[in-house]
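Text of upload-v9.cif (mmCIF, C-alpha atoms) as supplied:
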data_work
#
loop_
_atom_site.label_atom_id
_atom_site.label_comp_id
_atom_site.auth_asym_id
_atom_site.auth_seq_id
_atom_site.Cartn_x
_atom_site.Cartn_y
_atom_site.Cartn_z
CA MET A 1 5.46 -113.68 58.04
CA ILE A 2 6.12 -115.76 54.94
CA GLU A 3 3.11 -117.25 53.16
CA ARG A 4 4.08 -120.46 51.39
CA TYR A 5 1.50 -121.98 49.12
CA SER A 6 2.05 -124.62 46.43
CA ARG A 7 -1.32 -124.02 44.78
CA ALA A 8 0.19 -123.48 41.33
CA GLN A 9 2.06 -126.77 41.50
CA MET A 10 -1.04 -128.63 42.68
CA ALA A 11 -3.33 -126.89 40.19
CA HIS A 12 -1.01 -127.92 37.34
CA ILE A 13 -1.77 -131.58 38.00
CA TRP A 14 -5.43 -130.93 37.23
CA ASP A 15 -5.18 -128.59 34.24
CA LEU A 16 -6.40 -129.84 30.87
CA GLU A 17 -3.04 -130.16 29.16
CA GLN A 18 -1.62 -132.14 32.07
CA LYS A 19 -4.67 -134.40 32.12
CA PHE A 20 -4.03 -135.35 28.48
CA SER A 21 -0.36 -135.88 29.33
CA TYR A 22 -1.45 -138.48 31.87
CA TYR A 23 -3.67 -140.05 29.19
CA LEU A 24 -0.66 -140.30 26.91
CA ASP A 25 1.42 -141.83 29.73
CA VAL A 26 -1.18 -144.58 30.07
CA GLU A 27 -1.39 -145.26 26.33
CA LEU A 28 2.40 -145.44 26.08
CA ALA A 29 2.63 -147.72 29.12
CA VAL A 30 0.17 -150.16 27.51
CA ILE A 31 2.23 -150.19 24.31
CA LYS A 32 5.43 -150.72 26.26
CA ALA A 33 3.81 -153.61 28.12
CA GLN A 34 2.67 -155.18 24.85
CA VAL A 35 6.19 -154.89 23.42
CA GLU A 36 7.78 -156.39 26.55
CA LEU A 37 5.29 -159.25 26.41
CA GLY A 38 6.14 -159.89 22.77
CA ASN A 39 2.70 -158.93 21.46
CA PHE A 40 3.91 -155.89 19.45
CA LYS A 41 7.02 -155.53 17.31
CA SER A 42 10.08 -154.38 19.23
CA ASN A 43 10.32 -150.97 17.53
CA VAL A 44 6.70 -149.97 18.07
CA TYR A 45 7.08 -148.37 21.50
CA ASP A 46 10.18 -146.32 20.63
CA GLU A 47 8.66 -145.05 17.39
CA ILE A 48 5.32 -144.10 18.94
CA LYS A 49 6.95 -142.45 21.95
CA LYS A 50 9.10 -140.39 19.61
CA ARG A 51 6.15 -139.22 17.51
CA ALA A 52 3.27 -139.09 19.98
CA LYS A 53 2.14 -135.61 20.92
CA PHE A 54 -1.06 -133.61 21.12
CA ASP A 55 -2.31 -130.06 20.81
CA LEU A 56 -5.16 -128.71 22.91
CA LYS A 57 -6.49 -126.50 20.14
CA ARG A 58 -6.61 -129.43 17.74
CA ILE A 59 -8.31 -131.66 20.36
CA ASP A 60 -10.98 -128.97 20.80
CA GLU A 61 -11.55 -128.87 17.04
CA ILE A 62 -12.01 -132.62 16.84
CA GLU A 63 -14.16 -132.78 19.97
CA ALA A 64 -16.48 -130.16 18.50
CA ILE A 65 -17.38 -132.85 15.97
CA THR A 66 -17.00 -136.11 17.93
CA ARG A 67 -18.42 -134.84 21.25
CA HIS A 68 -16.02 -137.30 22.93
CA ASP A 69 -12.86 -136.05 24.61
CA VAL A 70 -10.93 -139.35 24.58
CA ILE A 71 -11.66 -139.96 20.91
CA ALA A 72 -10.61 -136.39 20.13
CA PHE A 73 -7.39 -136.93 22.08
CA LEU A 74 -6.66 -140.22 20.28
CA GLU A 75 -7.36 -138.78 16.83
CA CYS A 76 -5.05 -135.85 17.55
CA VAL A 77 -2.25 -138.18 18.71
CA ASN A 78 -2.74 -140.49 15.74
CA GLU A 79 -2.41 -137.57 13.35
CA ASN A 80 1.12 -137.12 14.69
CA VAL A 81 1.99 -140.81 14.93
CA GLY A 82 0.98 -141.66 11.37
CA ARG A 83 -0.81 -144.58 9.69
CA GLU A 84 1.96 -147.13 10.24
CA PHE A 85 1.93 -146.98 14.03
CA SER A 86 -1.48 -145.52 14.97
CA PRO A 87 -3.23 -148.95 14.94
CA TYR A 88 -1.19 -149.94 18.01
CA ILE A 89 -2.56 -147.08 20.09
CA HIS A 90 -5.59 -147.88 22.30
CA LYS A 91 -5.73 -151.42 20.89
CA GLY A 92 -8.18 -153.51 22.95
CA LEU A 93 -8.87 -150.64 25.37
CA THR A 94 -11.95 -148.65 26.26
CA SER A 95 -12.01 -144.98 27.22
CA SER A 96 -12.31 -145.62 30.96
CA ASP A 97 -9.15 -147.74 30.91
CA VAL A 98 -7.30 -144.57 30.06
CA ILE A 99 -9.40 -142.15 32.10
CA ASP A 100 -9.43 -144.07 35.37
CA THR A 101 -5.81 -145.17 35.21
CA ALA A 102 -4.70 -141.64 34.39
CA PHE A 103 -6.92 -140.40 37.22
CA ALA A 104 -4.97 -142.61 39.63
CA LEU A 105 -1.74 -141.01 38.40
CA GLN A 106 -3.15 -137.54 39.03
CA ILE A 107 -4.19 -138.54 42.54
CA LYS A 108 -0.76 -140.11 43.14
CA ASP A 109 1.08 -136.91 42.23
CA ALA A 110 -1.36 -134.69 44.16
CA SER A 111 -0.93 -136.91 47.21
CA LYS A 112 2.85 -136.54 47.16
CA ILE A 113 2.36 -132.80 47.70
CA ILE A 114 -0.24 -133.36 50.44
CA ASN A 115 2.04 -135.80 52.29
CA GLU A 116 4.92 -133.32 52.11
CA ASP A 117 2.61 -130.63 53.49
CA LEU A 118 1.51 -132.90 56.33
CA ASP A 119 5.11 -133.71 57.26
CA LYS A 120 6.03 -130.03 57.45
CA LEU A 121 3.00 -129.24 59.60
CA THR A 122 3.47 -132.15 62.01
CA ASP A 123 7.14 -131.21 62.45
CA ALA A 124 6.19 -127.61 63.25
CA VAL A 125 3.46 -128.63 65.70
CA LYS A 126 5.76 -131.12 67.44
CA ASN A 127 8.54 -128.55 67.80
CA LEU A 128 6.14 -125.99 69.26
CA ALA A 129 4.62 -128.56 71.61
CA PHE A 130 7.99 -129.54 73.08
CA LYS A 131 9.01 -125.90 73.34
CA HIS A 132 5.94 -125.25 75.48
CA LYS A 133 5.90 -128.55 77.34
CA ASN A 134 5.97 -126.72 80.68
CA THR A 135 4.09 -123.53 79.73
CA VAL A 136 1.23 -123.58 82.22
CA CYS A 137 -2.19 -122.61 80.95
CA LEU A 138 -5.83 -123.10 81.80
CA GLY A 139 -7.56 -126.25 80.66
CA ARG A 140 -11.25 -125.77 79.89
CA SER A 141 -14.33 -127.93 79.59
CA HIS A 142 -17.59 -126.53 78.22
CA GLY A 143 -15.52 -123.39 77.62
CA ILE A 144 -15.19 -122.90 81.38
CA GLY A 145 -11.95 -123.06 83.36
CA ALA A 146 -11.35 -126.60 84.66
CA GLU A 147 -7.78 -127.36 85.82
CA VAL A 148 -4.27 -126.42 84.75
CA ILE A 149 -2.59 -128.08 81.78
CA THR A 150 0.31 -126.90 79.63
CA PHE A 151 0.15 -125.32 76.20
CA GLY A 152 2.47 -128.04 74.94
CA PHE A 153 -0.01 -130.66 76.15
CA LYS A 154 -2.74 -128.87 74.18
CA LEU A 155 -0.56 -129.03 71.06
CA LEU A 156 0.18 -132.74 71.56
CA ASN A 157 -3.51 -133.42 71.09
CA LEU A 158 -3.33 -131.63 67.73
CA LEU A 159 -0.19 -133.58 66.82
CA ASP A 160 -1.87 -136.90 67.66
CA MET A 161 -4.85 -136.00 65.48
CA LEU A 162 -2.57 -135.03 62.59
CA TYR A 163 -0.73 -138.36 62.83
CA ARG A 164 -4.04 -140.21 62.60
CA ALA A 165 -5.23 -138.00 59.76
CA LYS A 166 -2.11 -138.82 57.76
CA LYS A 167 -2.48 -142.53 58.48
CA ARG A 168 -6.10 -142.48 57.29
CA PHE A 169 -5.13 -140.47 54.23
CA ASN A 170 -2.47 -142.93 53.15
CA GLN A 171 -4.73 -145.90 53.77
CA ALA A 172 -7.31 -144.32 51.48
CA LEU A 173 -4.58 -143.42 49.00
CA ASP A 174 -3.40 -147.03 48.86
CA ASP A 175 -6.93 -148.11 47.95
CA VAL A 176 -7.30 -145.56 45.17
CA LEU A 177 -3.92 -146.08 43.47
CA VAL A 178 -5.17 -148.78 41.13
CA GLY A 179 -5.36 -148.98 37.35
CA GLN A 180 -7.46 -150.92 34.89
CA ILE A 181 -6.73 -152.11 31.38
CA SER A 182 -9.67 -154.48 31.05
CA GLY A 183 -11.63 -153.31 28.00
CA PRO A 184 -15.39 -152.85 27.64
CA VAL A 185 -17.30 -153.89 30.80
CA GLY A 186 -14.05 -155.15 32.31
CA THR A 187 -13.94 -158.71 30.92
CA TYR A 188 -10.62 -158.45 28.98
CA SER A 189 -12.47 -159.40 25.79
CA ASN A 190 -9.77 -157.98 23.49
CA ILE A 191 -6.78 -157.71 25.81
CA GLU A 192 -5.17 -160.07 28.29
CA PRO A 193 -5.02 -159.49 32.08
CA ILE A 194 -1.23 -159.77 31.94
CA VAL A 195 -1.15 -156.55 29.91
CA GLU A 196 -3.00 -154.77 32.72
CA GLU A 197 -0.57 -156.16 35.30
CA LYS A 198 2.46 -155.09 33.25
CA THR A 199 1.02 -151.65 32.49
CA CYS A 200 0.26 -150.95 36.13
CA GLU A 201 3.75 -152.08 37.11
CA ILE A 202 5.24 -149.62 34.62
CA LEU A 203 3.04 -146.81 35.99
CA GLY A 204 3.66 -147.62 39.65
CA LEU A 205 0.05 -148.64 40.31
CA LYS A 206 -1.69 -151.83 41.39
CA PRO A 207 -4.11 -153.54 39.02
CA ALA A 208 -7.69 -153.43 40.24
CA GLN A 209 -8.74 -156.85 41.45
CA ILE A 210 -11.87 -156.37 39.36
CA SER A 211 -13.25 -153.49 37.33
CA THR A 212 -16.45 -153.20 35.37
CA GLN A 213 -15.92 -150.50 32.82
CA VAL A 214 -14.85 -148.19 35.60
CA ILE A 215 -13.00 -148.58 38.88
CA ALA A 216 -15.50 -148.70 41.76
CA ARG A 217 -16.00 -145.26 43.29
CA ASP A 218 -16.08 -146.30 46.94
CA ARG A 219 -12.28 -146.02 46.70
CA HIS A 220 -12.48 -142.39 45.61
CA ALA A 221 -15.13 -141.52 48.19
CA SER A 222 -12.84 -142.80 50.94
CA TYR A 223 -10.00 -140.65 49.62
CA ILE A 224 -12.13 -137.48 49.59
CA GLN A 225 -13.33 -138.28 53.12
CA ALA A 226 -9.72 -138.64 54.27
CA ILE A 227 -8.93 -135.19 52.88
CA ALA A 228 -11.99 -133.74 54.62
CA LEU A 229 -10.80 -135.29 57.90
CA ILE A 230 -7.44 -133.52 57.55
CA GLY A 231 -9.40 -130.31 57.08
CA ALA A 232 -11.50 -131.05 60.16
CA VAL A 233 -8.36 -131.56 62.27
CA ILE A 234 -7.00 -128.22 61.09
CA GLU A 235 -10.35 -126.58 61.83
CA ASN A 236 -10.43 -128.08 65.32
CA PHE A 237 -7.29 -126.21 66.37
CA SER A 238 -8.20 -123.16 64.31
CA ILE A 239 -11.28 -122.79 66.51
CA GLU A 240 -9.03 -123.16 69.57
CA ILE A 241 -6.89 -120.27 68.28
CA ARG A 242 -9.98 -118.16 67.65
CA HIS A 243 -11.24 -118.74 71.20
CA LEU A 244 -7.88 -118.09 72.83
CA GLN A 245 -7.33 -114.91 70.79
CA ARG A 246 -10.57 -113.38 72.03
CA PHE A 247 -10.06 -109.96 73.63
CA GLU A 248 -11.00 -111.11 77.12
CA VAL A 249 -8.83 -114.27 76.94
CA ALA A 250 -5.75 -113.08 75.00
CA GLU A 251 -3.60 -116.17 75.56
CA ILE A 252 -2.39 -116.60 71.97
CA GLU A 253 -2.55 -114.63 68.73
CA GLU A 254 -1.98 -115.25 65.07
CA GLY A 255 1.14 -113.47 63.89
CA PHE A 256 0.50 -109.90 62.79
CA SER A 257 2.85 -108.60 60.09
CA ASN A 258 4.20 -105.07 59.71
CA GLY A 259 1.63 -102.93 57.97
CA GLN A 260 -1.19 -105.42 58.51
CA LYS A 261 -4.55 -103.94 59.50
CA GLY A 262 -7.43 -105.69 61.21
CA SER A 263 -10.34 -103.37 60.58
CA SER A 264 -11.21 -100.46 58.31
CA ALA A 265 -12.97 -98.77 61.23
CA MET A 266 -11.18 -99.91 64.42
CA PRO A 267 -7.39 -99.51 64.36
CA HIS A 268 -6.90 -101.62 67.52
CA LYS A 269 -8.21 -104.82 65.90
CA LYS A 270 -6.01 -107.90 65.33
CA ASN A 271 -8.25 -110.65 64.02
CA PRO A 272 -7.64 -114.41 63.64
CA ILE A 273 -8.42 -114.25 59.93
CA ALA A 274 -6.36 -117.28 58.86
CA SER A 275 -8.03 -119.49 61.46
CA GLU A 276 -11.45 -118.24 60.38
CA ASN A 277 -10.46 -119.03 56.81
CA MET A 278 -9.61 -122.60 57.87
CA SER A 279 -13.08 -123.07 59.35
CA GLY A 280 -14.72 -121.90 56.15
CA LEU A 281 -12.65 -124.06 53.82
CA ALA A 282 -13.14 -127.14 56.00
CA ARG A 283 -16.87 -126.81 55.30
CA ILE A 284 -16.24 -127.05 51.56
CA LEU A 285 -14.14 -130.18 52.02
CA ARG A 286 -16.89 -131.81 54.06
CA SER A 287 -19.51 -130.91 51.47
CA ASN A 288 -17.39 -132.58 48.78
CA THR A 289 -17.57 -135.87 50.68
CA ILE A 290 -21.33 -135.94 50.07
CA ALA A 291 -20.79 -135.65 46.32
CA ALA A 292 -18.11 -138.35 46.44
CA MET A 293 -20.49 -140.69 48.28
CA GLU A 294 -23.18 -140.05 45.70
CA ASN A 295 -20.72 -141.13 43.00
CA ILE A 296 -20.59 -144.69 44.30
CA ALA A 297 -24.00 -145.65 42.91
CA LEU A 298 -23.59 -146.03 39.13
CA TRP A 299 -25.83 -147.75 36.60
CA HIS A 300 -24.91 -151.35 35.81
CA GLU A 301 -21.29 -151.75 34.67
CA ARG A 302 -20.80 -148.07 33.92
CA ASP A 303 -22.29 -144.65 33.53
CA ILE A 304 -20.56 -141.27 33.54
CA SER A 305 -22.59 -139.42 36.15
CA HIS A 306 -19.51 -139.49 38.41
CA SER A 307 -17.24 -137.88 35.82
CA SER A 308 -18.59 -134.33 35.93
CA VAL A 309 -18.58 -134.41 39.73
CA GLU A 310 -14.96 -135.58 39.96
CA ARG A 311 -13.80 -132.86 37.58
CA VAL A 312 -14.85 -130.43 40.33
CA ILE A 313 -14.34 -132.13 43.70
CA PHE A 314 -10.91 -133.67 43.12
CA PRO A 315 -9.11 -130.54 41.92
CA ASP A 316 -10.99 -128.46 44.51
CA SER A 317 -10.34 -130.80 47.45
CA THR A 318 -6.66 -131.41 46.74
CA ILE A 319 -5.94 -127.75 45.98
CA LEU A 320 -7.86 -126.63 49.08
CA ILE A 321 -6.14 -129.04 51.47
CA ASP A 322 -2.77 -128.07 50.02
CA TYR A 323 -3.63 -124.42 50.62
CA MET A 324 -4.98 -125.11 54.12
CA LEU A 325 -1.95 -127.13 55.21
CA ASN A 326 0.43 -124.42 54.04
CA ARG A 327 -1.54 -121.54 55.50
CA PHE A 328 -2.03 -123.31 58.82
CA LEU A 329 1.69 -124.10 58.90
CA ASN A 330 2.30 -120.37 58.62
CA VAL A 331 -0.08 -119.79 61.55
CA VAL A 332 1.69 -122.38 63.73
CA GLU A 333 5.16 -121.06 62.95
CA ASN A 334 4.16 -117.47 63.74
CA LEU A 335 1.86 -118.07 66.70
CA VAL A 336 2.28 -115.52 69.49
CA ILE A 337 2.16 -117.20 72.92
CA LYS A 338 1.22 -114.91 75.82
CA GLU A 339 2.49 -116.88 78.82
CA LYS A 340 1.72 -114.21 81.43
CA ASN A 341 -1.90 -114.02 80.34
CA MET A 342 -2.12 -117.81 80.53
CA ILE A 343 -0.94 -117.73 84.15
CA ASN A 344 -3.25 -114.84 85.00
CA ASN A 345 -6.27 -116.65 83.59
CA ALA A 346 -5.36 -119.82 85.49
CA ASN A 347 -5.19 -117.82 88.74
CA LYS A 348 -8.46 -115.91 88.29
CA TYR A 349 -10.71 -115.53 91.35
CA GLY A 350 -7.91 -116.71 93.61
CA GLY A 351 -7.40 -120.00 91.79
CA ILE A 352 -10.90 -121.51 91.87
CA ILE A 353 -9.64 -124.16 89.42
CA TYR A 354 -7.92 -125.84 92.39
CA SER A 355 -11.30 -126.72 93.87
CA GLN A 356 -10.90 -130.49 93.43
CA SER A 357 -7.73 -130.58 95.52
CA CYS A 358 -9.49 -128.62 98.23
CA LEU A 359 -12.44 -130.99 98.14
CA LEU A 360 -10.17 -134.03 98.50
CA LYS A 361 -8.22 -132.38 101.30
CA LEU A 362 -11.42 -131.77 103.27
CA LEU A 363 -12.13 -135.49 103.14
CA ASP A 364 -9.19 -135.86 105.54
CA HIS A 365 -11.15 -133.69 107.97
CA ASN A 366 -13.79 -136.37 108.53
CA MET A 367 -16.19 -134.80 106.07
CA THR A 368 -18.31 -136.79 103.64
CA ARG A 369 -17.79 -136.06 99.96
CA GLU A 370 -21.16 -134.35 99.83
CA GLU A 371 -20.30 -132.11 102.80
CA ALA A 372 -16.88 -131.22 101.38
CA TYR A 373 -18.35 -130.50 97.94
CA LYS A 374 -20.90 -128.12 99.46
CA VAL A 375 -18.24 -126.19 101.38
CA VAL A 376 -15.86 -125.86 98.44
CA GLN A 377 -18.59 -124.98 95.95
CA ALA A 378 -19.90 -122.21 98.22
CA GLU A 379 -16.44 -120.67 98.65
CA ALA A 380 -15.64 -120.98 94.94
CA LEU A 381 -18.90 -119.41 93.79
CA ASP A 382 -18.51 -116.61 96.33
CA ALA A 383 -15.12 -115.79 94.80
CA PHE A 384 -16.53 -116.05 91.29
CA HIS A 385 -19.62 -113.90 91.81
CA ASN A 386 -17.88 -111.26 93.92
CA ASN A 387 -14.53 -111.16 92.10
CA GLY A 388 -13.05 -112.49 95.28
CA ASP A 389 -10.22 -114.78 96.31
CA PHE A 390 -10.94 -118.50 96.57
CA ARG A 391 -7.60 -119.21 98.22
CA GLU A 392 -8.35 -116.75 101.00
CA ASN A 393 -11.85 -118.18 101.41
CA MET A 394 -10.47 -121.69 101.91
CA LYS A 395 -8.25 -120.53 104.78
CA LYS A 396 -11.37 -120.77 106.91
CA HIS A 397 -11.30 -124.53 106.39
CA LEU A 398 -7.69 -125.57 105.71
CA SER A 399 -4.27 -124.80 107.22
CA GLU A 400 -1.62 -122.80 105.37
CA ASN A 401 0.35 -125.96 104.57
CA GLU A 402 -2.79 -127.68 103.32
CA ILE A 403 -3.63 -124.66 101.17
CA ASN A 404 -0.13 -124.60 99.66
CA ASP A 405 -0.42 -128.30 98.86
CA CYS A 406 -3.83 -127.87 97.22
CA PHE A 407 -2.67 -124.96 95.06
CA ASN A 408 0.57 -126.64 93.96
CA GLN A 409 0.63 -126.67 90.13
CA GLU A 410 3.30 -129.35 90.04
CA LYS A 411 0.88 -131.87 91.52
CA TYR A 412 -1.48 -131.33 88.61
CA LEU A 413 1.27 -131.52 86.01
CA LYS A 414 3.35 -134.35 87.49
CA ASN A 415 2.60 -136.71 84.57
CA ILE A 416 3.11 -134.27 81.70
CA GLU A 417 6.62 -135.62 81.15
CA ALA A 418 5.30 -139.17 80.84
CA ILE A 419 2.75 -138.04 78.24
CA PHE A 420 5.44 -136.25 76.22
CA LYS A 421 7.67 -139.34 76.21
CA ARG A 422 5.04 -141.06 74.07
CA PHE A 423 5.78 -138.55 71.31
CA GLU A 424 9.58 -138.52 71.39
#
Translate this structure into structure tokens?
Amino acid sequence: MIERYSRAQMAHIWDLEQKFSYYLDVELAVIKAQVELGNFKSNVYDEIKKRAKFDLKRIDEIEAITRHDVIAFLECVNENVGREFSPYIHKGLTSSDVIDTAFALQIKDASKIINEDLDKLTDAVKNLAFKHKNTVCLGRSHGIGAEVITFGFKLLNLLDMLYRAKKRFNQALDDVLVGQISGPVGTYSNIEPIVEEKTCEILGLKPAQISTQVIARDRHASYIQAIALIGAVIENFSIEIRHLQRFEVAEIEEGFSNGQKGSSAMPHKKNPIASENMSGLARILRSNTIAAMENIALWHERDISHSSVERVIFPDSTILIDYMLNRFLNVVENLVIKEKNMINNANKYGGIIYSQSCLLKLLDHNMTREEAYKVVQAEALDAFHNNGDFRENMKKHLSENEINDCFNQEKYLKNIEAIFKRFE
């Protein structure tokens, strides 16, 4: 098995040096916009871009005095830009113009990775579903055998959920990819709205229709919820794997690599550890949605109570969903399908799962539904409680041809092809 995680790439987006790089991207985009609009001299952008740089150690030294990370960043950059050009940097802006617009750029880049992960997973699930389109297995309700389905059909349900999860994610992403260059309390008191429009165009963002001194956090809460929903979809099928890998079911297994061990005490153990891991991490993603919702309610036009929260939940949620999508992809690609066990489980107790067909057939024998139900239930429960044979029991009530018709799997699966055509 090959484990493929892009955690390092995703984590880089959220590290401190990269965060300040995004800040610098925003500051430079504002200057470029001002030059293009004719508000700054034509050489200002090129000169500042050439000189602008920062050093984390120096920012820390300045912040130890200023107790303000954006001011420390700006002072560090201005030390490198020099007196002639430093007055053009951050002109008419407030800190949140830089922070929130840069935040959108971080989310944009993180989301590219998540979308790539989703595409790989949906492709793998779709391929596996079509491969097992006709692999008969037991469908269950309440955890109890119900009627036959196919394993491919089971996977199509996962695929459908993943498609919706991606759609929701990108809808939320579209809402959060906005920037603001609107100054203190968002009224453009020292900068014109056209500068915001031009800056956002340069950065590949949309300008917020309105901002106070921050971009409203309902956008960000929706994004975190969309990530948590992806995690919940993964967890849903992870639980399915865990149930089907149980010793007494044994229909599928997570791949087990050479040299892998399941237990320090019991050498026979092969455990669904990756699927269990998915369930655990999905809980963290859901808990982060609560924090994101709490961030919506801010004081007046701005406070920073949301800031400390976002420094935790956004790196954590994006890194976790990236990890989960990659690890679950590995599970899907290496899933062991035990087709014989699937058939055996479907045929347990002489095929009691074909009880509905038998009930309907008895209706042709001038029985009421209630009478037919009573007969079939009695024969089915007799087979179940006594490890008997339901098919043999029903021979007391139905002919051989009728029995064969009732226990015909093809009747139950006649519309599987039509369902699969919806996903071609």
Care to translate the PyMOL selection byres ((chain A and resi 133-149) around 10) into actual residues of this file, as a PyMOL selection string?
-> chain A and resi 127-132+150-156+243+251+337-348+351-356+409-410+412-413+416-417+420
Straight-line distance linking CA of Ile62 (chain A) with CA of Phe20 (chain A), stated in Å to one decimal =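 Atom-to-atom, CA of Ile62 (chain A) to CA of Phe20 (chain A), that is 14.4 Å.
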Show which residues sit within 10 Å of Asp109 (chain A), as a PyMOL selection string. Count all atoms listed in the file, and ignore same-chain residues fewer than 5 positions away.
-> chain A and resi 10+13+104+114
Using all atoms listed in the file, tabulate the residues of region 103-213 of chain A lying at most 7 Å from any atom of region 83-96 of chain A, each with its closest atom pair and that distance in Å to one decimal, by chain and increasing residue number, as a Markdown table.
| residue | atom | partner | partner_atom | distance |
| --- | --- | --- | --- | --- |
| A:Ile181 | CA | A:Leu93 | CA | 6.5 |
| A:Ser182 | CA | A:Leu93 | CA | 6.9 |
| A:Gly183 | CA | A:Leu93 | CA | 4.7 |
| A:Pro184 | CA | A:Thr94 | CA | 5.6 |
| A:Asn190 | CA | A:Gly92 | CA | 4.8 |
| A:Ile191 | CA | A:Gly92 | CA | 5.3 |
| A:Gln213 | CA | A:Ser96 | CA | 6.3 |
Can you tell me how far CA of Ala282 (chain A) sits from CA of Asn157 (chain A), in Å to one decimal?
->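 Between CA of Ala282 (chain A) and CA of Asn157 (chain A) the gap works out to 19.0 Å.
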Quick one: region 209-221 of chain A with N, CA, C and O atoms, as a PDB file, in the coordinates of the input?
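Output contents, as saved in selection-v6.pdb:
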ATOM      1  N   GLN A 209      -8.428-155.429  41.380  1.00  0.00           N
ATOM      2  CA  GLN A 209      -8.740-156.850  41.450  1.00  0.00           C
ATOM      3  C   GLN A 209      -9.882-157.195  40.501  1.00  0.00           C
ATOM      4  O   GLN A 209      -9.925-158.278  39.915  1.00  0.00           O
ATOM      5  N   ILE A 210     -10.808-156.253  40.354  1.00  0.00           N
ATOM      6  CA  ILE A 210     -11.870-156.370  39.360  1.00  0.00           C
ATOM      7  C   ILE A 210     -12.320-154.961  39.016  1.00  0.00           C
ATOM      8  O   ILE A 210     -12.349-154.077  39.870  1.00  0.00           O
ATOM      9  N   SER A 211     -12.641-154.752  37.750  1.00  0.00           N
ATOM     10  CA  SER A 211     -13.250-153.490  37.330  1.00  0.00           C
ATOM     11  C   SER A 211     -14.401-153.850  36.393  1.00  0.00           C
ATOM     12  O   SER A 211     -14.405-154.906  35.778  1.00  0.00           O
ATOM     13  N   THR A 212     -15.373-152.986  36.333  1.00  0.00           N
ATOM     14  CA  THR A 212     -16.450-153.200  35.370  1.00  0.00           C
ATOM     15  C   THR A 212     -15.999-152.495  34.098  1.00  0.00           C
ATOM     16  O   THR A 212     -15.141-153.001  33.390  1.00  0.00           O
ATOM     17  N   GLN A 213     -16.557-151.332  33.830  1.00  0.00           N
ATOM     18  CA  GLN A 213     -15.920-150.500  32.820  1.00  0.00           C
ATOM     19  C   GLN A 213     -15.306-149.278  33.487  1.00  0.00           C
ATOM     20  O   GLN A 213     -14.697-148.448  32.841  1.00  0.00           O
ATOM     21  N   VAL A 214     -15.490-149.226  34.791  1.00  0.00           N
ATOM     22  CA  VAL A 214     -14.850-148.190  35.600  1.00  0.00           C
ATOM     23  C   VAL A 214     -14.342-148.844  36.879  1.00  0.00           C
ATOM     24  O   VAL A 214     -14.765-149.937  37.250  1.00  0.00           O
ATOM     25  N   ILE A 215     -13.436-148.160  37.559  1.00  0.00           N
ATOM     26  CA  ILE A 215     -13.000-148.580  38.880  1.00  0.00           C
ATOM     27  C   ILE A 215     -14.060-148.125  39.888  1.00  0.00           C
ATOM     28  O   ILE A 215     -14.537-146.991  39.825  1.00  0.00           O
ATOM     29  N   ALA A 216     -14.439-149.000  40.807  1.00  0.00           N
ATOM     30  CA  ALA A 216     -15.500-148.700  41.760  1.00  0.00           C
ATOM     31  C   ALA A 216     -15.187-147.436  42.555  1.00  0.00           C
ATOM     32  O   ALA A 216     -14.061-147.236  43.023  1.00  0.00           O
ATOM     33  N   ARG A 217     -16.212-146.591  42.717  1.00  0.00           N
ATOM     34  CA  ARG A 217     -16.000-145.260  43.290  1.00  0.00           C
ATOM     35  C   ARG A 217     -16.024-145.203  44.804  1.00  0.00           C
ATOM     36  O   ARG A 217     -15.872-144.119  45.386  1.00  0.00           O
ATOM     37  N   ASP A 218     -16.225-146.333  45.483  1.00  0.00           N
ATOM     38  CA  ASP A 218     -16.080-146.300  46.940  1.00  0.00           C
ATOM     39  C   ASP A 218     -14.639-145.955  47.315  1.00  0.00           C
ATOM     40  O   ASP A 218     -14.383-145.344  48.360  1.00  0.00           O
ATOM     41  N   ARG A 219     -13.690-146.348  46.463  1.00  0.00           N
ATOM     42  CA  ARG A 219     -12.280-146.020  46.700  1.00  0.00           C
ATOM     43  C   ARG A 219     -12.084-144.497  46.728  1.00  0.00           C
ATOM     44  O   ARG A 219     -11.420-143.952  47.603  1.00  0.00           O
ATOM     45  N   HIS A 220     -12.666-143.842  45.754  1.00  0.00           N
ATOM     46  CA  HIS A 220     -12.480-142.390  45.610  1.00  0.00           C
ATOM     47  C   HIS A 220     -13.227-141.620  46.693  1.00  0.00           C
ATOM     48  O   HIS A 220     -12.756-140.584  47.159  1.00  0.00           O
ATOM     49  N   ALA A 221     -14.380-142.160  47.103  1.00  0.00           N
ATOM     50  CA  ALA A 221     -15.130-141.520  48.190  1.00  0.00           C
ATOM     51  C   ALA A 221     -14.323-141.563  49.487  1.00  0.00           C
ATOM     52  O   ALA A 221     -14.284-140.577  50.246  1.00  0.00           O
TER      53      ALA A 221
END
